[in-house]
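Visitor: For reference, the structure I am asking about is given below.
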Amino acid sequence: MTDRTSFQTALIHHDYVAPEGFAAFPQAIHHASTVLFKDVASMRSRNWQDKTAYTYGLHGTPTTFTLEARLAAIENGKHCLLAPSGLSAIAMVDFAFLKSGDDVLIPDNVYNPNRELANWLAHDFGIAARYYDPLIGSGIADLIQPNTRLIWTEAPGSVSMEVPDIPAICKAAHAKSVLVALDNTWSAGIALRAFDLGVDIVMQALTKYQSGGSDVLMGAVITQDQALNHRLELAHMRLGFGVSADDSYLVLRSLPTMKLRFEAHDAAARKIAAWLQTQPQIATVLHPALPECPGHEIWQRDFSGAGGLFSILFDARYTEAQTDRFVDSLKLFKIGFSWGGANSLCVPYRMQHMRRNWPHQGQLLRLNIGLEDPDDLIGDLRQAFDAL
């Protein structure tokens, strides 16, 4: 600035640039909508899909690029795109690979907002959405049609906990040139190596273990294939998906402790699940690490851990009013959706409204085991059983 520059202009156009060489453990938070170019040629030569440079805040900053790279590495992927939520990450996949006249196969135990989105695509966009038995395995080959473009999988189902045979589904799908997408939120990329099983696209809700604080909404889509990533980038841009630098920082800050937290959730959940198996009020504990959970043998083969989320089925003699009273009687377990945070949660589900052929009569409750002392959580469950 010159001596003749006005005070107001000097407030905006300042000369100071911080010295280079600063190093610290936290990733810097870069806020930007406008990205500056040194000249017109530089602006015109940049490609927003090339992540070696920057074009606009919506397409990425050093903060978001760093988070994408670290998430891709966790999943052994090569490309990652961030979205404002897990559901928006699912939508990105659907809009990248489906068009009017196409067919998509979805497991009947799918995350319910994914079902709502698929039904909307079927009703208003002319995309056929069909639901299959999550334990179908290689039998899915019989459902694939000439217009089938995408098969969604979820391992395990986030409420009813069936564990699908992902390699069998991928083999059948790839034999007919159909893509397979996996919702890998339950394992956070820690306990299941999705790409090793043949999956083409991995989706995660970073709202869970990756953030760990019950305070961030975010999703991610990860691939190994450049061509698939190119189509996803176009959908990401056209849908206008972006995430805040502050939220990205919160996830980056939590990643170093994610595996330790996941293992702590896992150990506590297994202890509590085993105790619940001994309680006469409970008909079934739907925890993939237990033999009574559908697909348990698949979990043993493909997974290396289990995290903190599982469900329980009450004996059929208990009414919904009684199990609701059980939930209301809990003191340490709070009532609320989502999971993966430090606080334990309990949510009742009306499975007859969520599944086409739900075979069980008892009431289902989903438990997120947090980071409290598991003996205290068992004590809380014990006193709530008394309310029945």
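Order determines the names: the first chain of the structure tokens is A, the second B, and so forth; residues in each chain are numbered 1 upward, and ligands are numbered 1 upward as they are shown.
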Applying 10 Å and only C-alpha atoms, which residues near Arg317 (chain A) remain after dropping the ones on its own chain fewer than 3 positions away? List them as a list in words.
Guide: Gln281, Phe314, Glu320, Gln322, Gln361, Gly362 and Gln363 of chain A
Visitor: Identify all residues of region 53-261 of chain A in alpha helix (DSSP H) (DSSP on the backbone) and supply them as a VMD selection string.
Guide: chain A and resid 62 to 74 86 to 97 112 to 125 166 to 174 226 to 238 245 to 254 258 to 261
Visitor: Out of region 108-201 of chain A, which residues get strand (DSSP E or B) from DSSP, as a PyMOL selection string?
Guide: chain A and resi 128-132+148-154+179-183+201
Visitor: Within 12 Å of region 170-176 of chain A, which residues of region 50-153 of chain A come that close, and what is the closest atom pair and distance in Å for each? Count only C-alpha atoms and give it as JSON lines.
Guide:
```
{"residue": "A:Val104", "atom": "CA", "partner": "A:Ala173", "partner_atom": "CA", "distance": 11.6}
{"residue": "A:Leu105", "atom": "CA", "partner": "A:Ala173", "partner_atom": "CA", "distance": 10.5}
{"residue": "A:Ile136", "atom": "CA", "partner": "A:Ala172", "partner_atom": "CA", "distance": 11.2}
{"residue": "A:Gly137", "atom": "CA", "partner": "A:Ala172", "partner_atom": "CA", "distance": 8.7}
{"residue": "A:Ser138", "atom": "CA", "partner": "A:Ala172", "partner_atom": "CA", "distance": 6.0}
{"residue": "A:Gly139", "atom": "CA", "partner": "A:Ala172", "partner_atom": "CA", "distance": 8.1}
{"residue": "A:Ile140", "atom": "CA", "partner": "A:Ala172", "partner_atom": "CA", "distance": 6.9}
{"residue": "A:Ala141", "atom": "CA", "partner": "A:Ala172", "partner_atom": "CA", "distance": 5.3}
{"residue": "A:Asp142", "atom": "CA", "partner": "A:Ala172", "partner_atom": "CA", "distance": 9.1}
{"residue": "A:Leu143", "atom": "CA", "partner": "A:Ala173", "partner_atom": "CA", "distance": 10.0}
{"residue": "A:Ile144", "atom": "CA", "partner": "A:Ala173", "partner_atom": "CA", "distance": 7.6}
{"residue": "A:Gln145", "atom": "CA", "partner": "A:Lys176", "partner_atom": "CA", "distance": 8.9}
{"residue": "A:Pro146", "atom": "CA", "partner": "A:Lys176", "partner_atom": "CA", "distance": 8.4}
{"residue": "A:Asn147", "atom": "CA", "partner": "A:Lys176", "partner_atom": "CA", "distance": 10.4}
{"residue": "A:Thr148", "atom": "CA", "partner": "A:Lys176", "partner_atom": "CA", "distance": 9.0}
{"residue": "A:Arg149", "atom": "CA", "partner": "A:Ala173", "partner_atom": "CA", "distance": 9.3}
{"residue": "A:Leu150", "atom": "CA", "partner": "A:Ala173", "partner_atom": "CA", "distance": 8.5}
{"residue": "A:Ile151", "atom": "CA", "partner": "A:Ala173", "partner_atom": "CA", "distance": 7.6}
{"residue": "A:Trp152", "atom": "CA", "partner": "A:Cys170", "partner_atom": "CA", "distance": 10.4}
{"residue": "A:Thr153", "atom": "CA", "partner": "A:Cys170", "partner_atom": "CA", "distance": 9.7}
```
Visitor: List as a tab-separated table every residue of region 108-208 of chain A that is in contact with region 330-338 of chain A, defined as an atom at most 12 Å from one of its atoms (using only C-alpha atoms), together with the nearest atom pair and the distance in Å rounded to one decimal, sorted by chain and then rising number.
Guide:
```
residue	atom	partner	partner_atom	distance
A:Tyr111	CA	A:Ser338	CA	11.3
A:Ser158	CA	A:Ser338	CA	10.1
A:Val159	CA	A:Ser338	CA	11.1
A:Thr185	CA	A:Ser338	CA	11.0
A:Trp186	CA	A:Ser338	CA	11.1
A:Ala205	CA	A:Ser338	CA	9.8
A:Leu206	CA	A:Ser338	CA	10.8
A:Thr207	CA	A:Ser338	CA	7.8
A:Lys208	CA	A:Ser338	CA	7.0
```
Visitor: From the options A:Asp215, A:Asp39, A:Asp196, A:Glu20, which residue's atoms come nearest to Val251 (chain A), counting only C-alpha atoms?
Guide: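 Answer, going by the shortest atom-to-atom distance: A:Asp215.
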Visitor: Env of Gln277 (chain A): 10 Å cut, atoms = only C-alpha atoms, seq-sep filter 5 positions within chain, self excluded. Answer as a list in words.
Guide: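 So, after excluding close chain neighbours, the residues are Ile272, Ile282, Ala283, Thr284, Val285, Leu286, Leu290, Glu292 and Ile312 of chain A.
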Visitor: Find the spatial neighbours of Thr323 (chain A), counting only C-alpha atoms, within a cut-off of 10 Å - ignore same-chain residues fewer than 6 positions away - and output them as a PyMOL selection string.
Guide: chain A and resi 314+329+348+362-365+384-385+387-388
Visitor: Kindly export the residues of the current selection with N, CA and C atoms, as a PDB file, in the first residue's frame.
Guide:
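The resulting result15.pdb:
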```
ATOM      1  N   PHE A 314     -36.631 -58.279  22.209  1.00  0.00           N
ATOM      2  CA  PHE A 314     -37.294 -58.707  23.427  1.00  0.00           C
ATOM      3  C   PHE A 314     -38.159 -59.934  23.166  1.00  0.00           C
ATOM      4  N   SER A 329     -36.824 -45.716  31.081  1.00  0.00           N
ATOM      5  CA  SER A 329     -36.272 -45.930  32.418  1.00  0.00           C
ATOM      6  C   SER A 329     -34.745 -45.884  32.444  1.00  0.00           C
ATOM      7  N   PRO A 348     -35.763 -47.480  19.988  1.00  0.00           N
ATOM      8  CA  PRO A 348     -36.675 -48.553  19.581  1.00  0.00           C
ATOM      9  C   PRO A 348     -37.076 -48.392  18.117  1.00  0.00           C
ATOM     10  N   GLY A 362     -40.986 -60.068  18.599  1.00  0.00           N
ATOM     11  CA  GLY A 362     -40.564 -59.222  19.700  1.00  0.00           C
ATOM     12  C   GLY A 362     -40.162 -57.821  19.270  1.00  0.00           C
ATOM     13  N   GLN A 363     -40.157 -56.913  20.233  1.00  0.00           N
ATOM     14  CA  GLN A 363     -39.776 -55.525  19.979  1.00  0.00           C
ATOM     15  C   GLN A 363     -38.248 -55.414  19.851  1.00  0.00           C
ATOM     16  N   LEU A 364     -37.794 -54.614  18.881  1.00  0.00           N
ATOM     17  CA  LEU A 364     -36.362 -54.451  18.654  1.00  0.00           C
ATOM     18  C   LEU A 364     -35.888 -53.105  19.192  1.00  0.00           C
ATOM     19  N   LEU A 365     -34.761 -53.141  19.905  1.00  0.00           N
ATOM     20  CA  LEU A 365     -34.082 -51.932  20.351  1.00  0.00           C
ATOM     21  C   LEU A 365     -32.650 -51.971  19.831  1.00  0.00           C
ATOM     22  N   ALA A 384     -33.428 -50.969  34.371  1.00  0.00           N
ATOM     23  CA  ALA A 384     -34.512 -50.729  33.429  1.00  0.00           C
ATOM     24  C   ALA A 384     -35.341 -51.999  33.212  1.00  0.00           C
ATOM     25  N   PHE A 385     -34.702 -53.173  33.276  1.00  0.00           N
ATOM     26  CA  PHE A 385     -35.464 -54.423  33.173  1.00  0.00           C
ATOM     27  C   PHE A 385     -36.499 -54.502  34.293  1.00  0.00           C
ATOM     28  N   ALA A 387     -38.274 -52.235  35.349  1.00  0.00           N
ATOM     29  CA  ALA A 387     -39.456 -51.438  34.989  1.00  0.00           C
ATOM     30  C   ALA A 387     -40.434 -52.222  34.137  1.00  0.00           C
ATOM     31  N   LEU A 388     -39.992 -53.345  33.546  1.00  0.00           N
ATOM     32  CA  LEU A 388     -40.904 -54.169  32.767  1.00  0.00           C
ATOM     33  C   LEU A 388     -41.958 -54.848  33.636  1.00  0.00           C
TER      34      LEU A 388
END
```
